[in-house]
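Raw contents of structure.cif, mmCIF, C-alpha atoms:
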data_structure
#
loop_
_atom_site.label_atom_id
_atom_site.label_comp_id
_atom_site.auth_asym_id
_atom_site.auth_seq_id
_atom_site.Cartn_x
_atom_site.Cartn_y
_atom_site.Cartn_z
CA MET A 1 16.57 -26.99 14.65
CA PRO A 2 20.12 -26.81 13.31
CA GLY A 3 22.45 -24.30 14.92
CA PHE A 4 23.70 -22.92 11.62
CA VAL A 5 22.15 -20.24 9.40
CA GLU A 6 18.75 -21.29 8.12
CA ILE A 7 18.15 -21.11 4.38
CA ILE A 8 14.45 -20.30 4.08
CA ALA A 9 12.79 -20.75 0.69
CA HIS A 10 10.86 -17.52 0.10
CA ARG A 11 7.34 -18.48 -1.05
CA GLY A 12 8.86 -21.87 -1.79
CA ALA A 13 11.52 -22.26 -4.47
CA ARG A 14 9.87 -19.42 -6.38
CA SER A 15 12.70 -18.97 -8.90
CA LEU A 16 12.09 -22.53 -10.10
CA ALA A 17 8.34 -22.98 -9.56
CA PRO A 18 5.22 -20.82 -9.22
CA GLU A 19 5.35 -19.08 -5.85
CA ASN A 20 3.24 -20.14 -2.87
CA THR A 21 2.15 -23.37 -4.55
CA LEU A 22 2.64 -26.84 -3.17
CA ALA A 23 4.91 -27.53 -6.16
CA ALA A 24 7.22 -24.72 -5.04
CA ALA A 25 7.23 -26.09 -1.50
CA ARG A 26 8.03 -29.64 -2.58
CA LEU A 27 10.86 -28.43 -4.80
CA ALA A 28 12.35 -26.33 -1.99
CA HIS A 29 12.29 -29.39 0.22
CA ARG A 30 14.02 -31.51 -2.43
CA LEU A 31 16.68 -28.83 -2.84
CA GLY A 32 17.45 -29.04 0.87
CA ALA A 33 16.07 -25.73 2.17
CA HIS A 34 15.77 -25.83 5.94
CA ARG A 35 12.32 -24.22 5.90
CA TRP A 36 9.85 -22.64 3.51
CA GLU A 37 8.06 -19.34 3.93
CA THR A 38 4.54 -18.69 2.69
CA ASP A 39 1.77 -16.10 3.01
CA ALA A 40 -1.63 -16.67 4.62
CA ALA A 41 -4.36 -14.36 3.28
CA LEU A 42 -8.11 -14.22 3.95
CA THR A 43 -10.75 -15.06 1.35
CA ARG A 44 -14.22 -13.53 1.18
CA ASP A 45 -15.67 -16.41 3.20
CA GLY A 46 -13.05 -16.16 5.93
CA GLN A 47 -10.81 -19.02 4.80
CA LEU A 48 -7.02 -18.82 4.57
CA VAL A 49 -5.08 -19.40 1.35
CA LEU A 50 -1.40 -19.23 0.47
CA PHE A 51 -1.12 -16.09 -1.63
CA HIS A 52 1.03 -12.98 -1.39
CA ASP A 53 -0.62 -10.23 -3.44
CA GLU A 54 -3.86 -8.42 -2.69
CA THR A 55 -4.84 -8.94 -6.33
CA LEU A 56 -5.05 -12.09 -8.45
CA THR A 57 -3.68 -10.67 -11.70
CA ARG A 58 0.05 -11.40 -11.39
CA CYS A 59 -0.01 -15.01 -10.27
CA THR A 60 -3.18 -16.54 -11.71
CA ASN A 61 -5.26 -16.63 -14.89
CA ALA A 62 -8.01 -14.57 -13.23
CA VAL A 63 -8.01 -12.03 -16.08
CA GLN A 64 -9.07 -14.74 -18.52
CA VAL A 65 -11.42 -16.59 -16.19
CA LEU A 66 -13.15 -13.54 -14.71
CA GLY A 67 -12.91 -11.36 -17.82
CA TYR A 68 -11.63 -8.03 -16.57
CA ASP A 69 -9.17 -5.41 -17.78
CA PRO A 70 -6.03 -5.79 -15.62
CA GLN A 71 -5.30 -2.09 -16.07
CA ALA A 72 -8.72 -1.05 -14.79
CA PRO A 73 -10.33 -3.86 -12.79
CA GLU A 74 -12.48 -1.38 -10.86
CA LYS A 75 -14.44 -0.73 -14.08
CA THR A 76 -15.68 -4.32 -14.13
CA PHE A 77 -18.97 -4.71 -12.28
CA TRP A 78 -18.65 -6.79 -9.14
CA PRO A 79 -21.05 -6.93 -6.18
CA GLY A 80 -19.72 -6.10 -2.76
CA PRO A 81 -17.02 -3.77 -1.45
CA TYR A 82 -14.03 -5.17 -3.37
CA THR A 83 -12.98 -5.00 -7.00
CA ILE A 84 -13.04 -8.14 -9.10
CA ASP A 85 -9.26 -8.63 -9.11
CA ARG A 86 -9.00 -8.75 -5.30
CA LEU A 87 -8.32 -12.05 -3.60
CA ALA A 88 -10.68 -11.02 -0.81
CA SER A 89 -13.55 -10.67 -3.30
CA HIS A 90 -13.69 -14.43 -3.82
CA THR A 91 -14.51 -17.54 -1.84
CA LEU A 92 -12.17 -20.45 -1.30
CA VAL A 93 -14.19 -22.59 -3.74
CA ASP A 94 -14.03 -19.92 -6.44
CA LEU A 95 -10.29 -19.44 -6.00
CA ALA A 96 -9.72 -23.17 -6.39
CA LEU A 97 -10.90 -22.87 -10.01
CA LEU A 98 -8.02 -20.57 -10.96
CA ASP A 99 -4.74 -21.68 -12.51
CA ALA A 100 -1.90 -20.45 -10.29
CA GLY A 101 0.88 -22.18 -12.21
CA SER A 102 0.83 -21.40 -15.94
CA TRP A 103 1.92 -17.78 -15.48
CA PHE A 104 5.34 -18.95 -14.26
CA GLU A 105 6.50 -20.24 -17.65
CA GLN A 106 4.89 -17.32 -19.49
CA ASP A 107 6.49 -14.58 -17.37
CA ASP A 108 9.89 -16.20 -16.68
CA ALA A 109 10.45 -13.55 -14.03
CA TYR A 110 13.78 -15.02 -12.91
CA SER A 111 15.11 -16.04 -16.36
CA THR A 112 15.18 -19.66 -15.22
CA VAL A 113 12.67 -21.28 -17.54
CA PHE A 114 15.26 -22.49 -20.05
CA ASP A 115 17.04 -24.35 -17.24
CA ILE A 116 13.91 -26.24 -16.18
CA ASP A 117 12.87 -29.57 -17.68
CA PRO A 118 9.94 -29.04 -20.10
CA GLN A 119 7.95 -31.82 -18.45
CA THR A 120 8.35 -30.07 -15.09
CA LEU A 121 7.14 -26.79 -16.57
CA THR A 122 4.14 -28.50 -18.08
CA GLY A 123 3.37 -29.97 -14.68
CA PHE A 124 3.00 -26.49 -13.19
CA ARG A 125 -0.03 -25.79 -15.38
CA GLY A 126 -3.19 -26.05 -13.36
CA GLU A 127 -1.52 -25.65 -9.96
CA CYS A 128 -4.20 -24.27 -7.67
CA ILE A 129 -4.00 -21.69 -4.90
CA PRO A 130 -3.47 -23.90 -1.83
CA SER A 131 -5.24 -23.42 1.45
CA LEU A 132 -3.18 -22.83 4.57
CA TYR A 133 -4.34 -26.25 5.76
CA ASP A 134 -2.90 -27.83 2.58
CA GLY A 135 0.46 -26.17 3.19
CA LEU A 136 0.58 -27.20 6.83
CA VAL A 137 -0.29 -30.82 6.09
CA LEU A 138 2.33 -31.00 3.33
CA THR A 139 4.96 -29.62 5.71
CA LYS A 140 3.98 -32.14 8.38
CA ASP A 141 4.05 -35.02 5.90
CA LEU A 142 7.53 -33.98 4.75
CA ASP A 143 8.70 -33.75 8.38
CA TRP A 144 9.81 -30.22 7.54
CA TYR A 145 9.52 -26.63 8.81
CA ILE A 146 7.34 -23.69 7.76
CA ASN A 147 7.24 -19.92 8.31
CA VAL A 148 3.69 -18.58 7.92
CA GLU A 149 3.42 -14.84 7.30
CA LEU A 150 0.02 -13.48 8.26
CA LYS A 151 -0.84 -11.03 5.46
CA ASP A 152 -2.87 -8.02 6.56
CA HIS A 153 -4.85 -6.74 3.56
CA GLY A 154 -7.32 -4.91 5.79
CA HIS A 155 -10.29 -7.24 5.22
CA GLU A 156 -10.77 -8.76 8.67
CA PRO A 157 -14.49 -9.21 9.46
CA GLU A 158 -13.73 -8.73 13.15
CA LEU A 159 -10.77 -7.97 15.41
CA ASN A 160 -8.11 -10.72 15.43
CA PHE A 161 -10.17 -12.94 13.15
CA HIS A 162 -7.11 -13.66 10.99
CA PRO A 163 -4.71 -14.89 13.71
CA ALA A 164 -7.52 -16.84 15.36
CA ARG A 165 -8.20 -18.62 12.05
CA VAL A 166 -4.48 -19.40 11.72
CA LEU A 167 -4.53 -21.08 15.13
CA THR A 168 -7.61 -23.09 14.13
CA GLU A 169 -5.88 -24.38 11.00
CA LEU A 170 -2.68 -25.17 12.89
CA ALA A 171 -4.64 -27.27 15.36
CA ARG A 172 -6.66 -28.97 12.60
CA SER A 173 -3.53 -29.90 10.65
CA GLY A 174 -1.84 -31.58 13.61
CA ILE A 175 1.56 -30.11 12.75
CA PRO A 176 3.85 -29.92 15.82
CA PRO A 177 4.33 -26.34 17.07
CA ASP A 178 8.12 -26.65 16.92
CA ARG A 179 7.82 -27.03 13.13
CA VAL A 180 6.12 -23.64 12.75
CA THR A 181 7.08 -20.00 13.05
CA LEU A 182 4.52 -17.24 12.68
CA SER A 183 5.44 -13.80 11.35
CA SER A 184 3.67 -10.57 10.43
CA PHE A 185 3.99 -6.82 9.98
CA ASN A 186 0.89 -6.60 12.18
CA TYR A 187 2.39 -6.66 15.65
CA ASP A 188 -1.03 -6.67 17.35
CA TRP A 189 -1.69 -10.02 15.69
CA LEU A 190 1.61 -11.32 17.03
CA ARG A 191 0.62 -10.17 20.52
CA PHE A 192 -2.68 -12.02 20.15
CA LEU A 193 -0.82 -15.16 19.10
CA ARG A 194 1.57 -14.90 22.03
CA GLN A 195 -1.33 -14.59 24.44
CA HIS A 196 -3.34 -17.50 23.00
CA ALA A 197 -0.62 -19.84 21.70
CA PRO A 198 2.73 -19.16 23.41
CA GLU A 199 4.11 -22.46 22.11
CA TYR A 200 4.74 -20.94 18.65
CA GLU A 201 7.82 -18.89 17.83
CA LEU A 202 6.86 -15.39 16.68
CA GLN A 203 8.88 -13.19 14.33
CA ALA A 204 8.22 -9.50 13.78
CA LEU A 205 8.63 -8.35 10.19
CA VAL A 206 10.46 -5.05 9.71
CA GLY A 207 10.77 -2.90 6.60
CA ALA A 208 7.80 -3.33 4.28
CA ARG A 209 9.18 -0.64 1.94
CA ASP A 210 12.65 -0.74 0.42
CA ASP A 211 13.12 2.99 1.12
CA GLU A 212 12.03 2.85 4.74
CA PHE A 213 14.21 4.42 7.45
CA LEU A 214 14.86 2.22 10.46
CA ASN A 215 15.28 3.96 13.80
CA PHE A 216 17.30 1.54 15.90
CA ASN A 217 16.31 3.44 19.03
CA ASP A 218 12.70 2.40 18.44
CA PRO A 219 11.29 0.10 21.15
CA LEU A 220 10.91 -2.61 18.50
CA PHE A 221 14.70 -2.88 18.53
CA THR A 222 15.46 -1.99 22.16
CA SER A 223 12.71 -3.77 24.10
CA ALA A 224 12.45 -7.49 24.76
CA GLU A 225 8.94 -7.79 23.28
CA PHE A 226 10.06 -9.52 20.05
CA ASP A 227 13.35 -11.34 20.22
CA VAL A 228 13.30 -12.46 16.56
CA LEU A 229 13.17 -9.80 13.85
CA ASN A 230 12.82 -10.51 10.14
CA ILE A 231 14.31 -7.40 8.52
CA ASN A 232 14.41 -6.15 4.93
CA ALA A 233 18.02 -6.81 3.90
CA LEU A 234 18.14 -3.57 1.89
CA LEU A 235 17.72 -1.55 5.09
CA VAL A 236 20.54 -2.93 7.25
CA THR A 237 24.30 -3.33 7.20
CA PRO A 238 26.42 -6.03 8.81
CA SER A 239 27.31 -3.56 11.57
CA ASP A 240 23.59 -3.02 12.26
CA ILE A 241 23.15 -6.75 12.60
CA ARG A 242 26.03 -7.01 15.06
CA ARG A 243 24.54 -4.17 17.08
CA LEU A 244 21.13 -5.85 17.22
CA LYS A 245 22.69 -9.18 18.13
CA GLY A 246 24.51 -7.46 20.95
CA ALA A 247 21.11 -6.26 22.22
CA GLY A 248 19.90 -9.86 22.33
CA LYS A 249 17.99 -9.98 19.05
CA ARG A 250 18.01 -12.86 16.59
CA ILE A 251 17.92 -11.58 13.02
CA ASN A 252 16.57 -13.09 9.81
CA LEU A 253 16.87 -11.15 6.55
CA PHE A 254 14.61 -10.97 3.51
CA THR A 255 15.16 -11.31 0.58
CA VAL A 256 18.81 -12.32 -0.06
CA ASN A 257 19.52 -13.70 -3.54
CA ASP A 258 23.17 -12.76 -4.07
CA PRO A 259 25.82 -15.16 -2.69
CA HIS A 260 28.15 -12.26 -1.85
CA ASP A 261 25.43 -10.63 0.27
CA CYS A 262 24.74 -14.00 1.84
CA MET A 263 28.33 -14.34 3.05
CA ARG A 264 28.46 -10.76 4.40
CA PHE A 265 25.34 -11.30 6.45
CA VAL A 266 26.33 -14.77 7.60
CA ASP A 267 29.63 -13.38 8.85
CA ALA A 268 27.67 -10.71 10.73
CA GLY A 269 25.72 -13.39 12.56
CA VAL A 270 22.25 -13.59 11.03
CA LYS A 271 20.03 -16.45 12.16
CA GLY A 272 18.35 -17.06 8.80
CA LEU A 273 18.12 -15.88 5.20
CA PHE A 274 14.97 -15.81 3.10
CA THR A 275 15.86 -16.38 -0.53
CA ASP A 276 14.16 -16.91 -3.89
CA PHE A 277 17.14 -19.07 -4.89
CA PRO A 278 17.63 -21.77 -2.24
CA GLN A 279 19.53 -23.75 -4.89
CA ARG A 280 22.37 -21.19 -4.69
CA PHE A 281 22.94 -21.50 -0.97
CA ILE A 282 22.31 -25.10 0.04
#

In structure tokens, what does this structure look like?
Amino acid sequence: MPGFVEIIAHRGARSLAPENTLAAARLAHRLGAHRWETDAALTRDGQLVLFHDETLTRCTNAVQVLGYDPQAPEKTFWPGPYTIDRLASHTLVDLALLDAGSWFEQDDAYSTVFDIDPQTLTGFRGECIPSLYDGLVLTKDLDWYINVELKDHGHEPELNFHPARVLTELARSGIPPDRVTLSSFNYDWLRFLRQHAPEYELQALVGARDDEFLNFNDPLFTSAEFDVLNINALLVTPSDIRRLKGAGKRINLFTVNDPHDCMRFVDAGVKGLFTDFPQRFI
């Protein structure tokens, strides 16, 4: 890997393409991002797909396909323990029928649609929710790098099922371990991964909430258990980063979209920056 600061495309180039799709990954690669980050979440049948949210409403056409009220999905009858809008309520085959691309042009969440070629926008329609295997194979074929965040939505059928499934898909894809980093807010999963697959770099995520208080005397920061920390950029200052670096930690920050913030953190010595706008920093 290069010795400079990594620019990591957060959920792919999500300001220019629908997040966590293969289209967003390919675009991030073409832009020159050093790595892309994506989220691995469990389906009802124990498969892994690339999807961030617990619910399908924001990033798919599930409301239209499944016919529920997005304001009150729990009022729509659905067998089983989960409401109809939940990713974990559906099998991999069912999820493949959803359109995970058309919403991007409709929502224009980053005010970028007018800068994107109309033919490209049209091409996003019908993008499916990829499996983790799909994302790993694409990364391998591009001779690229990936950061897989293991999303814990509390639907594991048994202890450590999720990280064990990730290892199965990594092996099945044939991607070299040095092309992969694995991250999570669930530190027990990271410990499982270290025990069963020490060849993969692990990164502990820190700061799920933007208003969270970080206690830098916590063992997470002072012990040697996790040497790479991916920290919410809203919760740290450049001086905090220097302090953590002095304690032997390597620091990545999420999510940095402003070039001024980028330079402040680079000067402080961060290892990598997750960004929705890789085109601004390459």

Go through A:Leu50, A:Leu205, A:Ala28, A:Leu234 and flag the residue nearest Gln279 (chain A), using all atoms listed in the file for the distances.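 Looking at the shortest contact to Gln279 (chain A), the residue is A:Ala28.
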
Can you list what the PyMOL selection byres ((chain A and resi 29) around 10) grabs from this structure, as a list in words? Ala9, Gly12, Ala13, Ala23, Ala24, Ala25, Arg26, Leu27, Ala28, Arg30, Leu31, Gly32, Ala33, His34, Arg35, Trp36, Thr139, Leu142, Asp143, Trp144, Tyr145 and Pro278 of chain A

Distance criterion (only C-alpha atoms): nearest to Ile146 (chain A) out of A:Thr91, A:Ser111, A:Val266, A:His10: A:His10

Determine, counting all atoms listed in the file, every residue of protein, DNA or RNA that lies within 7 Å of (1.1, -7.9, 10.1) in the file coordinates, then give the result as a PyMOL selection string. chain A and resi 150-152+184-187+189

Compare A:Phe254, A:Ala224, A:Ala100, A:Ile116 by their minimum atom-to-atom distance to Gly207 (chain A), counting all atoms listed in the file, and give me the closest one.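 Smallest separation from Gly207 (chain A) among the options: A:Phe254.
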
If you keep N, CA and C atoms, can you output region 252-273 of chain A as a short mmCIF file (atom, residue, chain, number, x, y, z; two decimals), in the first residue's frame?
data_model
loop_
_atom_site.label_atom_id
_atom_site.label_comp_id
_atom_site.auth_asym_id
_atom_site.auth_seq_id
_atom_site.Cartn_x
_atom_site.Cartn_y
_atom_site.Cartn_z
N ASN A 252 -7.67 6.56 10.99
CA ASN A 252 -8.47 6.94 9.84
C ASN A 252 -9.66 7.73 10.35
N LEU A 253 -10.16 8.65 9.54
CA LEU A 253 -11.29 9.48 9.96
C LEU A 253 -12.45 9.34 8.99
N PHE A 254 -13.68 9.28 9.54
CA PHE A 254 -14.89 9.31 8.73
C PHE A 254 -15.80 10.43 9.25
N THR A 255 -16.56 11.08 8.45
CA THR A 255 -16.49 11.16 7.00
C THR A 255 -16.05 12.59 6.69
N VAL A 256 -14.97 12.76 5.92
CA VAL A 256 -14.37 14.07 5.68
C VAL A 256 -14.67 14.48 4.24
N ASN A 257 -15.48 15.54 4.10
CA ASN A 257 -15.89 16.00 2.77
C ASN A 257 -15.38 17.39 2.42
N ASP A 258 -14.86 18.11 3.41
CA ASP A 258 -14.40 19.47 3.20
C ASP A 258 -12.87 19.48 3.00
N PRO A 259 -12.39 20.08 1.91
CA PRO A 259 -10.94 20.10 1.66
C PRO A 259 -10.13 20.76 2.78
N HIS A 260 -10.70 21.78 3.42
CA HIS A 260 -9.98 22.43 4.52
C HIS A 260 -9.79 21.45 5.68
N ASP A 261 -10.85 20.71 6.02
CA ASP A 261 -10.73 19.69 7.07
C ASP A 261 -9.73 18.63 6.67
N CYS A 262 -9.76 18.25 5.40
CA CYS A 262 -8.81 17.26 4.90
C CYS A 262 -7.38 17.68 5.19
N MET A 263 -7.03 18.92 4.88
CA MET A 263 -5.65 19.37 5.06
C MET A 263 -5.28 19.43 6.54
N ARG A 264 -6.21 19.87 7.39
CA ARG A 264 -5.93 19.92 8.83
C ARG A 264 -5.59 18.53 9.36
N PHE A 265 -6.38 17.55 8.95
CA PHE A 265 -6.18 16.20 9.46
C PHE A 265 -4.96 15.54 8.84
N VAL A 266 -4.70 15.83 7.58
CA VAL A 266 -3.50 15.29 6.95
C VAL A 266 -2.25 15.82 7.64
N ASP A 267 -2.26 17.11 7.94
CA ASP A 267 -1.12 17.70 8.64
C ASP A 267 -0.93 17.09 10.03
N ALA A 268 -2.04 16.63 10.63
CA ALA A 268 -1.95 16.02 11.96
C ALA A 268 -1.45 14.58 11.91
N GLY A 269 -1.45 14.00 10.70
CA GLY A 269 -0.86 12.68 10.57
C GLY A 269 -1.83 11.52 10.46
N VAL A 270 -3.05 11.77 9.94
CA VAL A 270 -3.98 10.65 9.78
C VAL A 270 -3.45 9.68 8.72
N LYS A 271 -3.88 8.43 8.85
CA LYS A 271 -3.49 7.39 7.90
C LYS A 271 -4.41 7.39 6.69
N GLY A 272 -5.71 7.64 6.92
CA GLY A 272 -6.66 7.60 5.81
C GLY A 272 -7.87 8.45 6.10
N LEU A 273 -8.56 8.85 5.02
CA LEU A 273 -9.77 9.67 5.12
C LEU A 273 -10.89 9.01 4.32
#
